[in-house]
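Undergrad: Sending over a structure as structure tokens; questions will come in a sec.
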Number of protein chains: 2
Amino acid sequence: MKTRPIGIFDSGVGGLTVVKQIFKRLPNEEIVYLGDTARVPYGTKSPETIKKYSVENADFLMRFKVKLIVVACNTASSTSLDALREKFSIPIVGVIKPGAEKAVQVTRNNRVGIIGTYTTVKSKAYEKELRHFSRDVEAVSKACPLFVPLVEEGWLKEGVTFDIVKKYLKPLMAKKIDTLILGCTHYPLLKPVISKVMGRHVKIVDSASSVADEVHNILMALGKLSGQKKPKHKFFATDAVEHFVRVGEKFLGTKIKGARKADYV
Amino acid sequence: MKTRPIGIFDSGVGGLTVVKQIFKRLPNEEIVYLGDTARVPYGTKSPETIKKYSVENADFLMRFKVKLIVVACNTASSTSLDALREKFSIPIVGVIKPGAEKAVQVTRNNRVGIIGTYTTVKSKAYEKELRHFSRDVEAVSKACPLFVPLVEEGWLKEGVTFDIVKKYLKPLMAKKIDTLILGCTHYPLLKPVISKVMGRHVKIVDSASSVADEVHNILMALGKLSGQKKPKHKFFATDAVEHFVRVGEKFLGTKIKGARKADYV
């Protein structure tokens, strides 16, 4: 049981920023990653549809007898955790709670900004979690639908990217936030530009490292941490595997070998 | 048979620019429109997946006994027409051929530019059609993946939009094209900016009006033009119907009434 893999899914490549942190924090764990590239993006779809897709993705991961599932997609985390926990008996970890928890620890003036996709922002999932940790936090959120295509296009340092970031973040700056949650797994790649726009006094929180900590804590508590020396990871995409690998390597920061097509979509 | 509707599908709202032209050219025809918003965008998916989706979309339209199907999506037109024509016996009209035909008529220096999604550009479908009409045309193409999200965000006149358009179209300007095909049904909304960037000497061709002409010609030839006074149109989306209506009205230029969810996805 201890050497069973951890399953991770996302709507596409974004969740690989979470895998990167899990590799760092839990180097002995085997990972099965699934990017639902056939149905990406989730951010503009309805909660019902995303729930259905999430359950199908988890079903696929269960074929590998995973011991825990990370929903490494903010949109899916904001809509589907209850449905997944109802259906599966293994621990299901989302990205919202860890991010919200970290933001509450980090903020000094209790003004926290959240950026993400339309569906994530509309779900108010971060607001709910923030309120769960602290009654004093005032949250301001903003959907930034152009950030994902900018990242996928690889325009991380261009002038237009700077202008778009500024355009989206202006209302958050006006609210004098001192902490900004990157509520989408694509956004960490824009962190340098976002930092530059927001200024040094605003702390940028991305969930990826907090998620890795949470996974570590849960597996430890359950006595299920693996001690494998060289775990073999598996990568799947539901479509366009080649493109998934090419873009995904930017997110993961290392090579992706032997990626295959998942056949259930 | 004459009063049977025309079926039109697209990956989302973009095809409504084609509907707009059909309303103008064929005001007596009843339209059944299907936007596959649950699986949008098609432009980053593999040809096999797009083929599968296209057949499913056409199957849905066949429930309404349509007399002709317009594939109002460049990506689907560039990959799925053969599969559709093999399966269905009614006429199937794509958007590539009419656009290419018009470009060949319009160009004077035989240098034609094509812009579209990754999959459309990679398919070289426009190049093939252009060559079919003229051996002398030299084609230059460029994928512009940020145009669709810019249009969906409604940023049609912003400074960043101008900068992004300029960034993408620079290599086409360097090739001294005198005609530019908008190879994606979202792009007509960016026509003012694109015109401004390219200059007055470059003729912008969008397929929508040519497609309406082609549909007219085919139905006339088959003796199937309708004479209905006030045809009742139907609009379907596979997900997020409310969002489909809100954004879609910008593309159609009029109100969309009674849109419903298609249930087969």
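Naming scheme: A, B, ... for chains in displayed order of the structure tokens; residues 1 onward per chain; ligands 1 onward as shown.
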I'd like the superposed chain B, fitted onto chain A by least squares over all Cα atoms in order, as a PDB file with C-alpha atoms, in the first residue's frame.

TA:
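Once everything was written out, this is part29.pdb:
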ATOM      1  CA  MET B   1       0.004   0.002  -0.013  1.00  0.00           C
ATOM      2  CA  LYS B   2       2.833   2.440   0.831  1.00  0.00           C
ATOM      3  CA  THR B   3       4.404   2.120  -2.591  1.00  0.00           C
ATOM      4  CA  ARG B   4       1.157   2.747  -4.399  1.00  0.00           C
ATOM      5  CA  PRO B   5       1.289   5.880  -6.543  1.00  0.00           C
ATOM      6  CA  ILE B   6      -0.239   9.303  -5.922  1.00  0.00           C
ATOM      7  CA  GLY B   7      -2.754  10.224  -8.622  1.00  0.00           C
ATOM      8  CA  ILE B   8      -2.899  13.819  -9.848  1.00  0.00           C
ATOM      9  CA  PHE B   9      -5.208  15.273 -12.444  1.00  0.00           C
ATOM     10  CA  ASP B  10      -5.685  18.657 -14.039  1.00  0.00           C
ATOM     11  CA  SER B  11      -7.560  19.967 -17.060  1.00  0.00           C
ATOM     12  CA  GLY B  12      -4.230  20.164 -18.878  1.00  0.00           C
ATOM     13  CA  VAL B  13      -0.593  20.976 -18.160  1.00  0.00           C
ATOM     14  CA  GLY B  14      -1.079  23.463 -15.312  1.00  0.00           C
ATOM     15  CA  GLY B  15      -1.133  20.790 -12.624  1.00  0.00           C
ATOM     16  CA  LEU B  16       2.474  19.991 -13.430  1.00  0.00           C
ATOM     17  CA  THR B  17       3.437  23.018 -11.313  1.00  0.00           C
ATOM     18  CA  VAL B  18       1.988  20.997  -8.416  1.00  0.00           C
ATOM     19  CA  VAL B  19       3.859  17.852  -9.497  1.00  0.00           C
ATOM     20  CA  LYS B  20       7.076  19.874  -9.513  1.00  0.00           C
ATOM     21  CA  GLN B  21       6.559  20.742  -5.832  1.00  0.00           C
ATOM     22  CA  ILE B  22       5.595  17.151  -4.949  1.00  0.00           C
ATOM     23  CA  PHE B  23       8.786  15.890  -6.614  1.00  0.00           C
ATOM     24  CA  LYS B  24      10.721  18.283  -4.359  1.00  0.00           C
ATOM     25  CA  ARG B  25       8.870  17.590  -1.129  1.00  0.00           C
ATOM     26  CA  LEU B  26       8.209  13.838  -1.649  1.00  0.00           C
ATOM     27  CA  PRO B  27      10.989  12.496  -3.879  1.00  0.00           C
ATOM     28  CA  ASN B  28      10.203   8.881  -3.026  1.00  0.00           C
ATOM     29  CA  GLU B  29       6.604   8.932  -4.201  1.00  0.00           C
ATOM     30  CA  GLU B  30       5.496   7.552  -7.533  1.00  0.00           C
ATOM     31  CA  ILE B  31       3.196   9.875  -9.493  1.00  0.00           C
ATOM     32  CA  VAL B  32       0.500   9.103 -12.064  1.00  0.00           C
ATOM     33  CA  TYR B  33      -0.393  12.378 -13.763  1.00  0.00           C
ATOM     34  CA  LEU B  34      -3.418  12.886 -16.001  1.00  0.00           C
ATOM     35  CA  GLY B  35      -3.961  16.024 -18.093  1.00  0.00           C
ATOM     36  CA  ASP B  36      -7.461  16.170 -19.597  1.00  0.00           C
ATOM     37  CA  THR B  37      -6.223  17.981 -22.692  1.00  0.00           C
ATOM     38  CA  ALA B  38      -9.160  16.756 -24.799  1.00  0.00           C
ATOM     39  CA  ARG B  39     -11.551  18.816 -22.701  1.00  0.00           C
ATOM     40  CA  VAL B  40      -9.351  21.703 -21.547  1.00  0.00           C
ATOM     41  CA  PRO B  41     -10.168  24.414 -20.484  1.00  0.00           C
ATOM     42  CA  TYR B  42     -12.449  23.766 -17.531  1.00  0.00           C
ATOM     43  CA  GLY B  43     -12.563  27.447 -16.531  1.00  0.00           C
ATOM     44  CA  THR B  44     -15.426  28.366 -18.858  1.00  0.00           C
ATOM     45  CA  LYS B  45     -17.530  25.230 -18.328  1.00  0.00           C
ATOM     46  CA  SER B  46     -20.456  24.706 -15.966  1.00  0.00           C
ATOM     47  CA  PRO B  47     -19.975  23.167 -12.497  1.00  0.00           C
ATOM     48  CA  GLU B  48     -22.091  20.097 -13.498  1.00  0.00           C
ATOM     49  CA  THR B  49     -19.913  19.345 -16.514  1.00  0.00           C
ATOM     50  CA  ILE B  50     -16.694  19.820 -14.527  1.00  0.00           C
ATOM     51  CA  LYS B  51     -17.992  17.469 -11.821  1.00  0.00           C
ATOM     52  CA  LYS B  52     -18.701  14.794 -14.431  1.00  0.00           C
ATOM     53  CA  TYR B  53     -15.246  15.174 -15.977  1.00  0.00           C
ATOM     54  CA  SER B  54     -13.550  15.122 -12.559  1.00  0.00           C
ATOM     55  CA  VAL B  55     -15.202  11.818 -11.618  1.00  0.00           C
ATOM     56  CA  GLU B  56     -14.170  10.305 -14.969  1.00  0.00           C
ATOM     57  CA  ASN B  57     -10.595  11.505 -14.446  1.00  0.00           C
ATOM     58  CA  ALA B  58     -10.476  10.028 -10.949  1.00  0.00           C
ATOM     59  CA  ASP B  59     -11.924   6.750 -12.265  1.00  0.00           C
ATOM     60  CA  PHE B  60      -9.030   6.564 -14.709  1.00  0.00           C
ATOM     61  CA  LEU B  61      -6.464   7.196 -11.963  1.00  0.00           C
ATOM     62  CA  MET B  62      -8.063   4.480  -9.813  1.00  0.00           C
ATOM     63  CA  ARG B  63      -6.982   1.939 -12.446  1.00  0.00           C
ATOM     64  CA  PHE B  64      -3.452   2.460 -11.078  1.00  0.00           C
ATOM     65  CA  LYS B  65      -4.570   1.781  -7.494  1.00  0.00           C
ATOM     66  CA  VAL B  66      -3.541   5.258  -6.355  1.00  0.00           C
ATOM     67  CA  LYS B  67      -3.452   5.856  -2.592  1.00  0.00           C
ATOM     68  CA  LEU B  68      -4.426   9.538  -2.775  1.00  0.00           C
ATOM     69  CA  ILE B  69      -5.712  11.891  -5.460  1.00  0.00           C
ATOM     70  CA  VAL B  70      -4.665  15.513  -5.897  1.00  0.00           C
ATOM     71  CA  VAL B  71      -7.094  17.649  -7.854  1.00  0.00           C
ATOM     72  CA  ALA B  72      -4.435  19.982  -9.219  1.00  0.00           C
ATOM     73  CA  CYS B  73      -6.891  22.285 -10.959  1.00  0.00           C
ATOM     74  CA  ASN B  74      -8.475  25.227  -9.219  1.00  0.00           C
ATOM     75  CA  THR B  75     -11.670  25.072 -11.249  1.00  0.00           C
ATOM     76  CA  ALA B  76     -12.176  21.375 -10.521  1.00  0.00           C
ATOM     77  CA  SER B  77     -11.218  21.890  -6.868  1.00  0.00           C
ATOM     78  CA  SER B  78     -13.767  24.679  -6.551  1.00  0.00           C
ATOM     79  CA  THR B  79     -16.610  22.528  -7.896  1.00  0.00           C
ATOM     80  CA  SER B  80     -15.951  18.792  -7.576  1.00  0.00           C
ATOM     81  CA  LEU B  81     -14.323  17.847  -4.256  1.00  0.00           C
ATOM     82  CA  ASP B  82     -17.582  16.841  -2.558  1.00  0.00           C
ATOM     83  CA  ALA B  83     -18.628  14.631  -5.467  1.00  0.00           C
ATOM     84  CA  LEU B  84     -15.202  12.946  -5.517  1.00  0.00           C
ATOM     85  CA  ARG B  85     -15.119  12.374  -1.766  1.00  0.00           C
ATOM     86  CA  GLU B  86     -18.570  10.859  -1.922  1.00  0.00           C
ATOM     87  CA  LYS B  87     -17.560   8.393  -4.599  1.00  0.00           C
ATOM     88  CA  PHE B  88     -14.006   7.438  -3.578  1.00  0.00           C
ATOM     89  CA  SER B  89     -12.734   6.323  -0.180  1.00  0.00           C
ATOM     90  CA  ILE B  90      -9.088   7.425  -0.580  1.00  0.00           C
ATOM     91  CA  PRO B  91      -8.056  10.969   0.468  1.00  0.00           C
ATOM     92  CA  ILE B  92      -8.858  13.669  -2.108  1.00  0.00           C
ATOM     93  CA  VAL B  93      -6.736  16.832  -1.872  1.00  0.00           C
ATOM     94  CA  GLY B  94      -7.707  20.040  -3.674  1.00  0.00           C
ATOM     95  CA  VAL B  95      -5.663  23.185  -4.258  1.00  0.00           C
ATOM     96  CA  ILE B  96      -8.037  25.786  -2.788  1.00  0.00           C
ATOM     97  CA  LYS B  97      -7.755  25.098   0.950  1.00  0.00           C
ATOM     98  CA  PRO B  98      -3.913  24.977   1.066  1.00  0.00           C
ATOM     99  CA  GLY B  99      -3.713  28.244  -0.888  1.00  0.00           C
ATOM    100  CA  ALA B 100      -6.285  29.996   1.313  1.00  0.00           C
ATOM    101  CA  GLU B 101      -4.587  28.756   4.480  1.00  0.00           C
ATOM    102  CA  LYS B 102      -1.230  30.087   3.372  1.00  0.00           C
ATOM    103  CA  ALA B 103      -2.719  33.461   2.399  1.00  0.00           C
ATOM    104  CA  VAL B 104      -4.266  33.882   5.846  1.00  0.00           C
ATOM    105  CA  GLN B 105      -0.882  33.173   7.452  1.00  0.00           C
ATOM    106  CA  VAL B 106       0.901  35.613   5.169  1.00  0.00           C
ATOM    107  CA  THR B 107      -1.374  38.674   5.075  1.00  0.00           C
ATOM    108  CA  ARG B 108      -0.756  41.562   7.489  1.00  0.00           C
ATOM    109  CA  ASN B 109      -3.509  43.984   6.540  1.00  0.00           C
ATOM    110  CA  ASN B 110      -6.122  41.218   5.976  1.00  0.00           C
ATOM    111  CA  ARG B 111      -6.760  42.239   2.384  1.00  0.00           C
ATOM    112  CA  VAL B 112      -6.285  39.274   0.114  1.00  0.00           C
ATOM    113  CA  GLY B 113      -6.658  39.251  -3.663  1.00  0.00           C
ATOM    114  CA  ILE B 114      -7.597  36.156  -5.670  1.00  0.00           C
ATOM    115  CA  ILE B 115      -7.146  35.702  -9.387  1.00  0.00           C
ATOM    116  CA  GLY B 116      -8.339  32.704 -11.417  1.00  0.00           C
ATOM    117  CA  THR B 117     -10.638  31.540 -14.185  1.00  0.00           C
ATOM    118  CA  TYR B 118     -14.259  32.697 -14.538  1.00  0.00           C
ATOM    119  CA  THR B 119     -15.662  29.537 -12.955  1.00  0.00           C
ATOM    120  CA  THR B 120     -13.218  29.556 -10.028  1.00  0.00           C
ATOM    121  CA  VAL B 121     -13.912  33.218  -9.271  1.00  0.00           C
ATOM    122  CA  LYS B 122     -17.660  32.783  -9.657  1.00  0.00           C
ATOM    123  CA  SER B 123     -17.638  29.763  -7.300  1.00  0.00           C
ATOM    124  CA  LYS B 124     -16.317  31.957  -4.439  1.00  0.00           C
ATOM    125  CA  ALA B 125     -14.486  28.841  -3.207  1.00  0.00           C
ATOM    126  CA  TYR B 126     -11.435  30.813  -2.036  1.00  0.00           C
ATOM    127  CA  GLU B 127     -13.593  33.334  -0.164  1.00  0.00           C
ATOM    128  CA  LYS B 128     -15.333  30.481   1.673  1.00  0.00           C
ATOM    129  CA  GLU B 129     -12.036  28.852   2.657  1.00  0.00           C
ATOM    130  CA  LEU B 130     -10.493  32.177   3.699  1.00  0.00           C
ATOM    131  CA  ARG B 131     -13.486  32.886   5.924  1.00  0.00           C
ATOM    132  CA  HIS B 132     -13.093  29.417   7.375  1.00  0.00           C
ATOM    133  CA  PHE B 133      -9.565  30.302   8.541  1.00  0.00           C
ATOM    134  CA  SER B 134     -10.204  33.906   9.526  1.00  0.00           C
ATOM    135  CA  ARG B 135     -13.257  36.102   9.953  1.00  0.00           C
ATOM    136  CA  ASP B 136     -11.182  39.280   9.484  1.00  0.00           C
ATOM    137  CA  VAL B 137      -9.965  38.712   5.955  1.00  0.00           C
ATOM    138  CA  GLU B 138     -11.453  40.862   3.221  1.00  0.00           C
ATOM    139  CA  ALA B 139     -11.214  39.166  -0.170  1.00  0.00           C
ATOM    140  CA  VAL B 140     -11.230  40.749  -3.628  1.00  0.00           C
ATOM    141  CA  SER B 141     -11.288  38.543  -6.687  1.00  0.00           C
ATOM    142  CA  LYS B 142     -10.816  39.015 -10.418  1.00  0.00           C
ATOM    143  CA  ALA B 143     -11.095  36.592 -13.332  1.00  0.00           C
ATOM    144  CA  CYS B 144      -8.142  36.832 -15.742  1.00  0.00           C
ATOM    145  CA  PRO B 145      -9.132  34.630 -18.704  1.00  0.00           C
ATOM    146  CA  LEU B 146      -6.251  35.777 -20.915  1.00  0.00           C
ATOM    147  CA  PHE B 147      -3.531  34.538 -18.550  1.00  0.00           C
ATOM    148  CA  VAL B 148      -3.878  30.851 -19.524  1.00  0.00           C
ATOM    149  CA  PRO B 149      -3.516  31.407 -23.286  1.00  0.00           C
ATOM    150  CA  LEU B 150      -0.626  33.835 -22.663  1.00  0.00           C
ATOM    151  CA  VAL B 151       1.209  31.158 -20.683  1.00  0.00           C
ATOM    152  CA  GLU B 152       0.430  28.435 -23.230  1.00  0.00           C
ATOM    153  CA  GLU B 153       1.743  30.732 -25.980  1.00  0.00           C
ATOM    154  CA  GLY B 154       4.948  31.078 -23.934  1.00  0.00           C
ATOM    155  CA  TRP B 155       4.699  34.879 -23.775  1.00  0.00           C
ATOM    156  CA  LEU B 156       6.045  35.167 -20.248  1.00  0.00           C
ATOM    157  CA  LYS B 157       8.180  38.304 -20.560  1.00  0.00           C
ATOM    158  CA  GLU B 158       6.645  40.225 -23.468  1.00  0.00           C
ATOM    159  CA  GLY B 159       5.483  43.825 -23.268  1.00  0.00           C
ATOM    160  CA  VAL B 160       1.875  42.878 -24.053  1.00  0.00           C
ATOM    161  CA  THR B 161       1.910  40.404 -21.178  1.00  0.00           C
ATOM    162  CA  PHE B 162       2.966  43.153 -18.813  1.00  0.00           C
ATOM    163  CA  ASP B 163       0.169  45.404 -20.144  1.00  0.00           C
ATOM    164  CA  ILE B 164      -2.474  42.684 -19.807  1.00  0.00           C
ATOM    165  CA  VAL B 165      -1.371  41.819 -16.271  1.00  0.00           C
ATOM    166  CA  LYS B 166      -1.554  45.504 -15.347  1.00  0.00           C
ATOM    167  CA  LYS B 167      -5.017  45.854 -16.885  1.00  0.00           C
ATOM    168  CA  TYR B 168      -6.388  42.904 -14.889  1.00  0.00           C
ATOM    169  CA  LEU B 169      -4.692  43.689 -11.581  1.00  0.00           C
ATOM    170  CA  LYS B 170      -5.466  47.411 -11.393  1.00  0.00           C
ATOM    171  CA  PRO B 171      -8.706  46.948  -9.414  1.00  0.00           C
ATOM    172  CA  LEU B 172      -6.871  44.706  -6.905  1.00  0.00           C
ATOM    173  CA  MET B 173      -4.143  47.318  -6.436  1.00  0.00           C
ATOM    174  CA  ALA B 174      -6.818  49.936  -5.821  1.00  0.00           C
ATOM    175  CA  LYS B 175      -8.111  47.790  -2.948  1.00  0.00           C
ATOM    176  CA  LYS B 176      -4.632  47.847  -1.364  1.00  0.00           C
ATOM    177  CA  ILE B 177      -4.276  44.086  -1.021  1.00  0.00           C
ATOM    178  CA  ASP B 178      -0.997  42.879   0.512  1.00  0.00           C
ATOM    179  CA  THR B 179      -1.391  39.221  -0.528  1.00  0.00           C
ATOM    180  CA  LEU B 180      -2.387  37.773  -3.882  1.00  0.00           C
ATOM    181  CA  ILE B 181      -3.463  34.156  -4.386  1.00  0.00           C
ATOM    182  CA  LEU B 182      -2.649  32.703  -7.815  1.00  0.00           C
ATOM    183  CA  GLY B 183      -5.871  30.704  -8.103  1.00  0.00           C
ATOM    184  CA  CYS B 184      -4.951  28.834 -11.270  1.00  0.00           C
ATOM    185  CA  THR B 185      -2.102  26.415 -11.795  1.00  0.00           C
ATOM    186  CA  HIS B 186      -0.996  28.206 -14.971  1.00  0.00           C
ATOM    187  CA  TYR B 187      -0.323  31.458 -13.192  1.00  0.00           C
ATOM    188  CA  PRO B 188       2.944  30.592 -11.379  1.00  0.00           C
ATOM    189  CA  LEU B 189       4.686  30.995 -14.748  1.00  0.00           C
ATOM    190  CA  LEU B 190       3.570  34.632 -14.784  1.00  0.00           C
ATOM    191  CA  LYS B 191       4.808  35.220 -11.231  1.00  0.00           C
ATOM    192  CA  PRO B 192       7.758  37.452 -12.257  1.00  0.00           C
ATOM    193  CA  VAL B 193       5.486  39.797 -14.243  1.00  0.00           C
ATOM    194  CA  ILE B 194       2.757  39.742 -11.606  1.00  0.00           C
ATOM    195  CA  SER B 195       5.319  40.573  -8.888  1.00  0.00           C
ATOM    196  CA  LYS B 196       6.676  43.431 -10.938  1.00  0.00           C
ATOM    197  CA  VAL B 197       3.205  44.869 -11.493  1.00  0.00           C
ATOM    198  CA  MET B 198       2.013  44.474  -7.901  1.00  0.00           C
ATOM    199  CA  GLY B 199       5.224  45.669  -6.281  1.00  0.00           C
ATOM    200  CA  ARG B 200       7.453  44.154  -3.641  1.00  0.00           C
ATOM    201  CA  HIS B 201       5.064  44.752  -0.720  1.00  0.00           C
ATOM    202  CA  VAL B 202       2.490  42.322  -2.141  1.00  0.00           C
ATOM    203  CA  LYS B 203       3.164  38.692  -1.273  1.00  0.00           C
ATOM    204  CA  ILE B 204       2.301  36.239  -4.053  1.00  0.00           C
ATOM    205  CA  VAL B 205       0.848  32.916  -2.864  1.00  0.00           C
ATOM    206  CA  ASP B 206       0.639  29.919  -5.140  1.00  0.00           C
ATOM    207  CA  SER B 207      -0.927  26.720  -3.878  1.00  0.00           C
ATOM    208  CA  ALA B 208       1.551  24.258  -5.349  1.00  0.00           C
ATOM    209  CA  SER B 209       4.009  24.114  -2.450  1.00  0.00           C
ATOM    210  CA  SER B 210       1.233  24.179   0.165  1.00  0.00           C
ATOM    211  CA  VAL B 211      -0.449  21.270  -1.592  1.00  0.00           C
ATOM    212  CA  ALA B 212       2.790  19.257  -1.454  1.00  0.00           C
ATOM    213  CA  ASP B 213       2.994  19.938   2.287  1.00  0.00           C
ATOM    214  CA  GLU B 214      -0.599  18.833   2.770  1.00  0.00           C
ATOM    215  CA  VAL B 215      -0.079  15.615   0.819  1.00  0.00           C
ATOM    216  CA  HIS B 216       2.989  14.910   2.944  1.00  0.00           C
ATOM    217  CA  ASN B 217       1.053  15.488   6.171  1.00  0.00           C
ATOM    218  CA  ILE B 218      -1.850  13.252   5.157  1.00  0.00           C
ATOM    219  CA  LEU B 219       0.306  10.347   3.973  1.00  0.00           C
ATOM    220  CA  MET B 220       2.433  10.585   7.083  1.00  0.00           C
ATOM    221  CA  ALA B 221      -0.636  10.563   9.319  1.00  0.00           C
ATOM    222  CA  LEU B 222      -1.924   7.503   7.501  1.00  0.00           C
ATOM    223  CA  GLY B 223       1.478   5.781   7.661  1.00  0.00           C
ATOM    224  CA  LYS B 224       1.543   5.589   3.872  1.00  0.00           C
ATOM    225  CA  LEU B 225       4.676   7.508   2.924  1.00  0.00           C
ATOM    226  CA  SER B 226       6.751   5.598   0.408  1.00  0.00           C
ATOM    227  CA  GLY B 227      10.421   4.858   0.736  1.00  0.00           C
ATOM    228  CA  GLN B 228      11.096   3.924  -2.895  1.00  0.00           C
ATOM    229  CA  LYS B 229      14.524   4.900  -4.174  1.00  0.00           C
ATOM    230  CA  LYS B 230      13.748   5.639  -7.815  1.00  0.00           C
ATOM    231  CA  PRO B 231       9.995   5.828  -8.343  1.00  0.00           C
ATOM    232  CA  LYS B 232       8.810   5.525 -11.945  1.00  0.00           C
ATOM    233  CA  HIS B 233       6.311   8.197 -12.853  1.00  0.00           C
ATOM    234  CA  LYS B 234       3.567   7.927 -15.456  1.00  0.00           C
ATOM    235  CA  PHE B 235       2.128  10.767 -17.531  1.00  0.00           C
ATOM    236  CA  PHE B 236      -1.134  10.639 -19.468  1.00  0.00           C
ATOM    237  CA  ALA B 237      -3.055  13.137 -21.584  1.00  0.00           C
ATOM    238  CA  THR B 238      -6.508  12.632 -23.064  1.00  0.00           C
ATOM    239  CA  ASP B 239      -5.480  14.236 -26.376  1.00  0.00           C
ATOM    240  CA  ALA B 240      -2.578  15.803 -28.315  1.00  0.00           C
ATOM    241  CA  VAL B 241       0.095  14.064 -26.234  1.00  0.00           C
ATOM    242  CA  GLU B 242       2.980  15.607 -28.159  1.00  0.00           C
ATOM    243  CA  HIS B 243       1.773  19.141 -27.472  1.00  0.00           C
ATOM    244  CA  PHE B 244       1.138  18.172 -23.840  1.00  0.00           C
ATOM    245  CA  VAL B 245       4.755  17.067 -23.469  1.00  0.00           C
ATOM    246  CA  ARG B 246       6.201  20.115 -25.207  1.00  0.00           C
ATOM    247  CA  VAL B 247       4.251  22.657 -23.156  1.00  0.00           C
ATOM    248  CA  GLY B 248       4.240  20.504 -20.026  1.00  0.00           C
ATOM    249  CA  GLU B 249       8.017  20.445 -19.735  1.00  0.00           C
ATOM    250  CA  LYS B 250       7.958  24.226 -19.224  1.00  0.00           C
ATOM    251  CA  PHE B 251       5.647  23.720 -16.242  1.00  0.00           C
ATOM    252  CA  LEU B 252       7.485  20.752 -14.764  1.00  0.00           C
ATOM    253  CA  GLY B 253      10.952  22.143 -15.349  1.00  0.00           C
ATOM    254  CA  THR B 254      12.264  18.708 -16.400  1.00  0.00           C
ATOM    255  CA  LYS B 255      11.787  16.256 -19.262  1.00  0.00           C
ATOM    256  CA  ILE B 256       8.566  14.227 -19.524  1.00  0.00           C
ATOM    257  CA  LYS B 257       9.309  10.725 -20.725  1.00  0.00           C
ATOM    258  CA  GLY B 258       6.959   8.080 -22.079  1.00  0.00           C
ATOM    259  CA  ALA B 259       3.755  10.133 -21.941  1.00  0.00           C
ATOM    260  CA  ARG B 260       0.762   8.209 -23.299  1.00  0.00           C
ATOM    261  CA  LYS B 261      -2.794   8.859 -24.405  1.00  0.00           C
ATOM    262  CA  ALA B 262      -5.544   8.032 -21.919  1.00  0.00           C
ATOM    263  CA  ASP B 263      -8.325   6.357 -23.822  1.00  0.00           C
ATOM    264  CA  TYR B 264     -11.518   6.965 -21.851  1.00  0.00           C
ATOM    265  CA  VAL B 265     -12.631  10.345 -23.283  1.00  0.00           C
TER     266      VAL B 265
END

Undergrad: Residues of stretch 34-226 of chain B in strand (DSSP E) according to DSSP, as a PyMOL selection string?

TA: chain B and resi 34-35+68-71+92-93+111-116+138-143+179-182+203-206
